[in-house]
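Chemist: Before I ask anything, let me first share the structure, which is written out below as structure tokens.
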Amino acid sequence: MPTLSDEIRVLFEALIAAYGPRGWWPLISKSGKDGFDADGYHPGLNCQPDTGDRFEIACGAVLTQNTAWRNAERGLRRLHELGLMRPEALANADTVTIADLIRPAGFCNQKSECLSVLARFFRGLPPGAVPDRDTLLSMKGIGPETADSILLFGFGVPVFIADAYARRTFGRIGLIAADTGYKECRTFTMDGMRVDAGTYGEFHALIVENGKRHCRSKPVCDRCPLIPFCGFSRRFRFFFANRGISSRGRR
DNA sequence: CGCCAGGCAACAC
DNA sequence: GTGTTGCATGGC
């Protein structure tokens, strides 16, 4: 008897077939070096946390909150150019200076405070330690998605990032209700997957890729690789029915 | 011009 | 607990 995981696995396979490995998390400080492309992506490399990269990943996770990655990246590059992409350095910078540097990423006053707190946190983090999720959530400016992004891509903790693209995509397909919140979507997906960090990272990256190309706020369904499964779940169920697989077991 | 982008927190009820 | 609003900037 197939379960939810079969449905999610089909989506994952359709996405990986369409786009291939994405190579997240992008590291602009490594762009152009060691197999990283100009934008900092490294196809085939997912969720392989390196101590020196964790802080940049955390900063990027904050800067991209409700912001296009293009603009978050500008902030990251400016921090990197001034040698501030290290906890010890950024912890000593004042928030006004940081705010000015990350201005292109938007919400610069709130995000500069958050980056400053993050810098001090990472500076004091013992080598090999993995942050507690609740500790991350207790920091102003770090919510569930940012915490999960840091844990997954920075520390290899296997969690699913139920971001706006994931909720929108799953909602349109019909896997979850349209108004499902972060926590419920996260639980729903992890209950059905139970995979390692690399796979969760790849899935998230693929969902974002498809979200940017097709499952936008205003959907661009033409040539979307998920069309066979989409349409308020009807075609999705039909697909499984044709394969002799029941779609029961969801929820 | 208006809407959107890989959220979050503070506040109202 | 849920619903609403401000937060800033750049691309289209």
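Convention: chains lettered A, B, ... in structure tokens order; per-chain residue numbering from 1; ligands numbered from 1 as shown.
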Considering only C-alpha atoms (C1' of nucleotides), extract the chain A residues located within 9 Å of chain B and return them as an NGL selection string.

Modeler: :A and (61-62 or 64-69 or 140-146 or 163-165 or 208 or 217)

Chemist: Kindly export the residues of the current selection with N, CA, C and O atoms, as a PDB file, in the first residue's frame.

Modeler:
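Wrote it out as out.pdb, contents follow:
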```
ATOM      1  N   ALA A  61      20.320  33.557   4.491  1.00  0.00           N
ATOM      2  CA  ALA A  61      18.968  33.152   4.881  1.00  0.00           C
ATOM      3  C   ALA A  61      18.200  34.336   5.450  1.00  0.00           C
ATOM      4  O   ALA A  61      17.004  34.492   5.207  1.00  0.00           O
ATOM      5  N   VAL A  62      18.886  35.176   6.185  1.00  0.00           N
ATOM      6  CA  VAL A  62      18.239  36.371   6.750  1.00  0.00           C
ATOM      7  C   VAL A  62      17.972  37.392   5.645  1.00  0.00           C
ATOM      8  O   VAL A  62      16.869  37.940   5.535  1.00  0.00           O
ATOM      9  N   THR A  64      17.527  37.099   2.518  1.00  0.00           N
ATOM     10  CA  THR A  64      16.566  36.747   1.470  1.00  0.00           C
ATOM     11  C   THR A  64      15.133  36.661   1.988  1.00  0.00           C
ATOM     12  O   THR A  64      14.217  36.311   1.249  1.00  0.00           O
ATOM     13  N   GLN A  65      14.927  37.001   3.252  1.00  0.00           N
ATOM     14  CA  GLN A  65      13.563  36.991   3.788  1.00  0.00           C
ATOM     15  C   GLN A  65      12.676  37.958   3.003  1.00  0.00           C
ATOM     16  O   GLN A  65      12.933  39.162   2.967  1.00  0.00           O
ATOM     17  N   ASN A  66      11.643  37.420   2.420  1.00  0.00           N
ATOM     18  CA  ASN A  66      10.696  38.235   1.638  1.00  0.00           C
ATOM     19  C   ASN A  66      11.413  39.139   0.640  1.00  0.00           C
ATOM     20  O   ASN A  66      11.024  40.285   0.412  1.00  0.00           O
ATOM     21  N   THR A  67      12.496  38.616   0.089  1.00  0.00           N
ATOM     22  CA  THR A  67      13.339  39.404  -0.808  1.00  0.00           C
ATOM     23  C   THR A  67      13.877  38.508  -1.914  1.00  0.00           C
ATOM     24  O   THR A  67      14.219  37.358  -1.664  1.00  0.00           O
ATOM     25  N   ALA A  68      13.919  39.019  -3.119  1.00  0.00           N
ATOM     26  CA  ALA A  68      14.483  38.256  -4.234  1.00  0.00           C
ATOM     27  C   ALA A  68      15.960  37.970  -3.960  1.00  0.00           C
ATOM     28  O   ALA A  68      16.681  38.842  -3.459  1.00  0.00           O
ATOM     29  N   TRP A  69      16.409  36.774  -4.294  1.00  0.00           N
ATOM     30  CA  TRP A  69      17.790  36.387  -4.005  1.00  0.00           C
ATOM     31  C   TRP A  69      18.779  37.348  -4.665  1.00  0.00           C
ATOM     32  O   TRP A  69      19.837  37.651  -4.115  1.00  0.00           O
ATOM     33  N   LYS A 140      15.642  37.639  17.552  1.00  0.00           N
ATOM     34  CA  LYS A 140      14.750  38.525  16.816  1.00  0.00           C
ATOM     35  C   LYS A 140      15.145  38.562  15.341  1.00  0.00           C
ATOM     36  O   LYS A 140      16.295  38.820  15.011  1.00  0.00           O
ATOM     37  N   GLY A 141      14.200  38.261  14.493  1.00  0.00           N
ATOM     38  CA  GLY A 141      14.466  38.272  13.058  1.00  0.00           C
ATOM     39  C   GLY A 141      14.668  36.888  12.482  1.00  0.00           C
ATOM     40  O   GLY A 141      14.776  36.724  11.280  1.00  0.00           O
ATOM     41  N   ILE A 142      14.728  35.884  13.376  1.00  0.00           N
ATOM     42  CA  ILE A 142      14.862  34.510  12.893  1.00  0.00           C
ATOM     43  C   ILE A 142      13.593  33.736  13.205  1.00  0.00           C
ATOM     44  O   ILE A 142      13.285  33.485  14.364  1.00  0.00           O
ATOM     45  N   GLY A 143      12.862  33.386  12.162  1.00  0.00           N
ATOM     46  CA  GLY A 143      11.635  32.615  12.305  1.00  0.00           C
ATOM     47  C   GLY A 143      11.864  31.191  11.844  1.00  0.00           C
ATOM     48  O   GLY A 143      13.004  30.782  11.610  1.00  0.00           O
ATOM     49  N   PRO A 144      10.807  30.436  11.700  1.00  0.00           N
ATOM     50  CA  PRO A 144      10.929  29.012  11.369  1.00  0.00           C
ATOM     51  C   PRO A 144      11.673  28.730  10.065  1.00  0.00           C
ATOM     52  O   PRO A 144      12.495  27.816  10.020  1.00  0.00           O
ATOM     53  N   GLU A 145      11.403  29.499   9.023  1.00  0.00           N
ATOM     54  CA  GLU A 145      12.076  29.185   7.759  1.00  0.00           C
ATOM     55  C   GLU A 145      13.565  29.501   7.816  1.00  0.00           C
ATOM     56  O   GLU A 145      14.401  28.734   7.339  1.00  0.00           O
ATOM     57  N   THR A 146      13.890  30.640   8.385  1.00  0.00           N
ATOM     58  CA  THR A 146      15.298  31.023   8.473  1.00  0.00           C
ATOM     59  C   THR A 146      16.060  30.035   9.354  1.00  0.00           C
ATOM     60  O   THR A 146      17.179  29.620   9.016  1.00  0.00           O
ATOM     61  N   ASP A 163       8.755  26.658   2.771  1.00  0.00           N
ATOM     62  CA  ASP A 163       8.683  28.077   2.435  1.00  0.00           C
ATOM     63  C   ASP A 163       7.492  28.392   1.527  1.00  0.00           C
ATOM     64  O   ASP A 163       6.680  27.525   1.218  1.00  0.00           O
ATOM     65  N   ALA A 164       7.416  29.638   1.116  1.00  0.00           N
ATOM     66  CA  ALA A 164       6.274  30.100   0.329  1.00  0.00           C
ATOM     67  C   ALA A 164       6.110  29.289  -0.954  1.00  0.00           C
ATOM     68  O   ALA A 164       4.993  28.940  -1.337  1.00  0.00           O
ATOM     69  N   TYR A 165       7.223  28.969  -1.622  1.00  0.00           N
ATOM     70  CA  TYR A 165       7.137  28.193  -2.857  1.00  0.00           C
ATOM     71  C   TYR A 165       6.604  26.793  -2.592  1.00  0.00           C
ATOM     72  O   TYR A 165       5.790  26.277  -3.360  1.00  0.00           O
ATOM     73  N   VAL A 208      12.144  25.620  -5.267  1.00  0.00           N
ATOM     74  CA  VAL A 208      12.374  27.046  -5.506  1.00  0.00           C
ATOM     75  C   VAL A 208      12.614  27.297  -6.999  1.00  0.00           C
ATOM     76  O   VAL A 208      12.086  28.249  -7.573  1.00  0.00           O
ATOM     77  N   SER A 217       3.656  33.545  -8.115  1.00  0.00           N
ATOM     78  CA  SER A 217       2.417  34.073  -7.581  1.00  0.00           C
ATOM     79  C   SER A 217       1.346  34.069  -8.673  1.00  0.00           C
ATOM     80  O   SER A 217       0.213  33.644  -8.469  1.00  0.00           O
TER      81      SER A 217
END
```

Chemist: Write out as JSON lines a residue-level contact list of chain A versus chain C with cut-off 8 Å: for each qualifying residue the closest pair of atoms and the distance in Å to one decimal, counting only C-alpha atoms (C1' of nucleotides), rows sorted by chain and residue number upward.

Modeler:
```
{"residue": "A:Asn71", "atom": "CA", "partner": "C:DG10", "partner_atom": "C1'", "distance": 7.1}
{"residue": "A:Arg103", "atom": "CA", "partner": "C:DT9", "partner_atom": "C1'", "distance": 7.0}
{"residue": "A:Pro104", "atom": "CA", "partner": "C:DT9", "partner_atom": "C1'", "distance": 5.5}
{"residue": "A:Ala105", "atom": "CA", "partner": "C:DT9", "partner_atom": "C1'", "distance": 6.1}
{"residue": "A:Gly106", "atom": "CA", "partner": "C:DA8", "partner_atom": "C1'", "distance": 4.2}
{"residue": "A:Phe107", "atom": "CA", "partner": "C:DA8", "partner_atom": "C1'", "distance": 4.5}
{"residue": "A:Cys108", "atom": "CA", "partner": "C:DA8", "partner_atom": "C1'", "distance": 6.6}
{"residue": "A:Gln110", "atom": "CA", "partner": "C:DC7", "partner_atom": "C1'", "distance": 7.7}
```

Chemist: Give me the residues near Asp196 of chain A as a list in words, where near means some atom within 7 Å (using only C-alpha atoms (C1' of nucleotides)) and where sequence neighbours in that chain fewer than 3 positions away do not count.

Modeler: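 Counting only C-alpha atoms (C1' of nucleotides), the residues come to Pro158, Thr199 and Tyr200 of chain A.
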
Chemist: Limited to all heavy atoms, could you put the picked residues into a file as an mmCIF file, in the first residue's frame?

Modeler:
```
data_model
loop_
_atom_site.group_PDB
_atom_site.id
_atom_site.type_symbol
_atom_site.label_atom_id
_atom_site.label_comp_id
_atom_site.auth_asym_id
_atom_site.auth_seq_id
_atom_site.Cartn_x
_atom_site.Cartn_y
_atom_site.Cartn_z
ATOM 1 N N PRO A 158 18.619 17.327 8.982
ATOM 2 C CA PRO A 158 17.575 16.968 8.009
ATOM 3 C C PRO A 158 16.205 17.536 8.353
ATOM 4 O O PRO A 158 15.481 16.974 9.179
ATOM 5 C CB PRO A 158 17.560 15.433 8.052
ATOM 6 C CG PRO A 158 18.072 15.081 9.406
ATOM 7 C CD PRO A 158 19.052 16.173 9.784
ATOM 8 N N THR A 199 18.986 15.237 0.579
ATOM 9 C CA THR A 199 17.760 15.104 -0.200
ATOM 10 C C THR A 199 16.769 16.214 0.119
ATOM 11 O O THR A 199 16.131 16.773 -0.773
ATOM 12 C CB THR A 199 17.116 13.726 0.056
ATOM 13 O OG1 THR A 199 18.096 12.704 -0.150
ATOM 14 C CG2 THR A 199 15.939 13.491 -0.886
ATOM 15 N N TYR A 200 16.653 16.555 1.400
ATOM 16 C CA TYR A 200 15.788 17.683 1.758
ATOM 17 C C TYR A 200 16.287 18.971 1.093
ATOM 18 O O TYR A 200 15.504 19.785 0.606
ATOM 19 C CB TYR A 200 15.757 17.878 3.276
ATOM 20 C CG TYR A 200 14.806 16.974 4.005
ATOM 21 C CD1 TYR A 200 15.255 16.144 5.035
ATOM 22 C CD2 TYR A 200 13.446 16.944 3.679
ATOM 23 C CE1 TYR A 200 14.393 15.304 5.713
ATOM 24 C CE2 TYR A 200 12.576 16.101 4.350
ATOM 25 C CZ TYR A 200 13.049 15.288 5.372
ATOM 26 O OH TYR A 200 12.187 14.464 6.040
#
```

Chemist: At what distance in Å, to one decimal, does atom CA of Leu136 of chain A lie from atom CA of Arg86 of chain A?

Modeler: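 Interatomic distance here is 18.2 Å.
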
Chemist: So that I can check the surroundings of segment 152-156 of chain A, please list as a list in words every protein, DNA and RNA residue that reaches within 8 Å of it, counting only C-alpha atoms (C1' of nucleotides) and ignoring chain neighbours fewer than 3 positions away.

Modeler: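 Using only C-alpha atoms (C1' of nucleotides), the neighbours found are Trp24, Trp25, Asn46, Cys47, Gln48, Pro49, Asp50, Asp53, Arg54, Phe55, Ile57, Ala58, Val130, Asp148, Ser149, Val159, Ala197, Gly198, Tyr200 and Gly201 of chain A.
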
Chemist: Go through segment 14-200 of chain A and collect every residue that DSSP, computed from the backbone, puts in alpha helix (DSSP H); the answer should be as a ChimeraX atom specification.

Modeler: /A:14-19,54-63,69-81,87-90,95-101,108-123,133-137,144-149,155,164-173,182-193,197-200

Chemist: Can you tell me which residues surround Arg213 of chain A at a distance of at most 12 Å, considering only C-alpha atoms (C1' of nucleotides), apart from same-chain residues fewer than 6 positions away, and format the answer as a PyMOL selection string?

Modeler: chain A and resi 15+18-19+165+169+206-207+219-226

Chemist: Selection from above, C-alpha atoms, as an mmCIF file, in the first residue's frame, can you write it?

Modeler:
```
data_model
loop_
_atom_site.group_PDB
_atom_site.id
_atom_site.type_symbol
_atom_site.label_atom_id
_atom_site.label_comp_id
_atom_site.auth_asym_id
_atom_site.auth_seq_id
_atom_site.Cartn_x
_atom_site.Cartn_y
_atom_site.Cartn_z
ATOM 1 C CA LEU A 15 11.656 17.974 -10.649
ATOM 2 C CA ALA A 18 13.492 18.488 -15.306
ATOM 3 C CA TYR A 19 16.218 20.522 -13.662
ATOM 4 C CA TYR A 165 7.137 28.193 -2.857
ATOM 5 C CA THR A 169 3.227 24.431 -5.062
ATOM 6 C CA LEU A 206 14.162 22.168 -6.873
ATOM 7 C CA ILE A 207 10.909 23.543 -5.487
ATOM 8 C CA PRO A 219 1.327 30.836 -12.291
ATOM 9 C CA VAL A 220 3.167 30.123 -15.544
ATOM 10 C CA CYS A 221 1.947 26.593 -16.153
ATOM 11 C CA ASP A 222 3.226 26.303 -19.722
ATOM 12 C CA ARG A 223 5.807 23.495 -19.749
ATOM 13 C CA CYS A 224 5.731 23.097 -15.967
ATOM 14 C CA PRO A 225 7.105 19.625 -15.184
ATOM 15 C CA LEU A 226 4.474 19.174 -12.468
#
```

Chemist: Counting only C-alpha atoms (C1' of nucleotides), what is within 12 Å of Leu79 of chain A, bar same-chain residues fewer than 2 positions away, as a PyMOL selection string?

Modeler: chain A and resi 28-29+55-56+59-60+63+72-77+81-87+89-90+93+97-105+112+115

Chemist: What gap, in Å, lies between atom CA of Arg168 of chain A and atom CA of Ser138 of chain A?

Modeler: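 Pair atom CA of Arg168 of chain A / atom CA of Ser138 of chain A returns 26.8 Å.
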
Chemist: Write out as a CSV table (one decimal) with N, CA, C and O atoms, in the first residue's frame which residues come within 9 Å of Tyr41 of chain A when counting only C-alpha atoms (C1' of nucleotides), dropping same-chain ones fewer than 6 positions away.

Modeler:
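Result written to out38.csv:
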```
chain,number,residue,atom,x,y,z
A,22,ARG,N,20.7,21.1,-8.2
A,22,ARG,CA,20.8,22.5,-8.2
A,22,ARG,C,22.1,23.0,-7.6
A,22,ARG,O,22.6,24.1,-7.9
A,23,GLY,N,22.6,22.3,-6.6
A,23,GLY,CA,23.8,22.8,-6.0
A,23,GLY,C,23.7,23.9,-5.0
A,23,GLY,O,24.4,24.9,-5.0
A,24,TRP,N,22.8,23.7,-4.1
A,24,TRP,CA,22.5,24.6,-3.0
A,24,TRP,C,23.4,24.3,-1.8
A,24,TRP,O,23.7,23.1,-1.6
A,25,TRP,N,23.6,25.2,-0.9
A,25,TRP,CA,23.2,26.6,-0.9
A,25,TRP,C,24.2,27.4,-1.7
A,25,TRP,O,25.4,27.1,-1.5
A,26,PRO,N,23.8,28.4,-2.5
A,26,PRO,CA,24.8,29.2,-3.2
A,26,PRO,C,25.7,30.0,-2.3
A,26,PRO,O,25.3,30.5,-1.3
A,27,LEU,N,27.0,29.9,-2.6
A,27,LEU,CA,28.0,30.6,-1.7
A,27,LEU,C,28.8,31.6,-2.6
A,27,LEU,O,29.6,31.2,-3.4
A,28,ILE,N,28.4,32.9,-2.5
A,28,ILE,CA,29.0,33.9,-3.3
A,28,ILE,C,30.5,34.0,-3.0
A,28,ILE,O,31.3,34.4,-3.9
A,30,LYS,N,32.5,31.7,-2.7
A,30,LYS,CA,33.2,30.7,-3.4
A,30,LYS,C,32.9,30.7,-4.9
A,30,LYS,O,33.3,29.8,-5.7
A,31,SER,N,32.1,31.7,-5.4
A,31,SER,CA,31.8,31.7,-6.8
A,31,SER,C,33.0,31.8,-7.7
A,31,SER,O,33.9,32.5,-7.4
A,35,GLY,N,34.7,24.5,-8.4
A,35,GLY,CA,33.5,23.9,-9.0
A,35,GLY,C,32.3,24.8,-8.8
A,35,GLY,O,31.2,24.4,-9.2
```
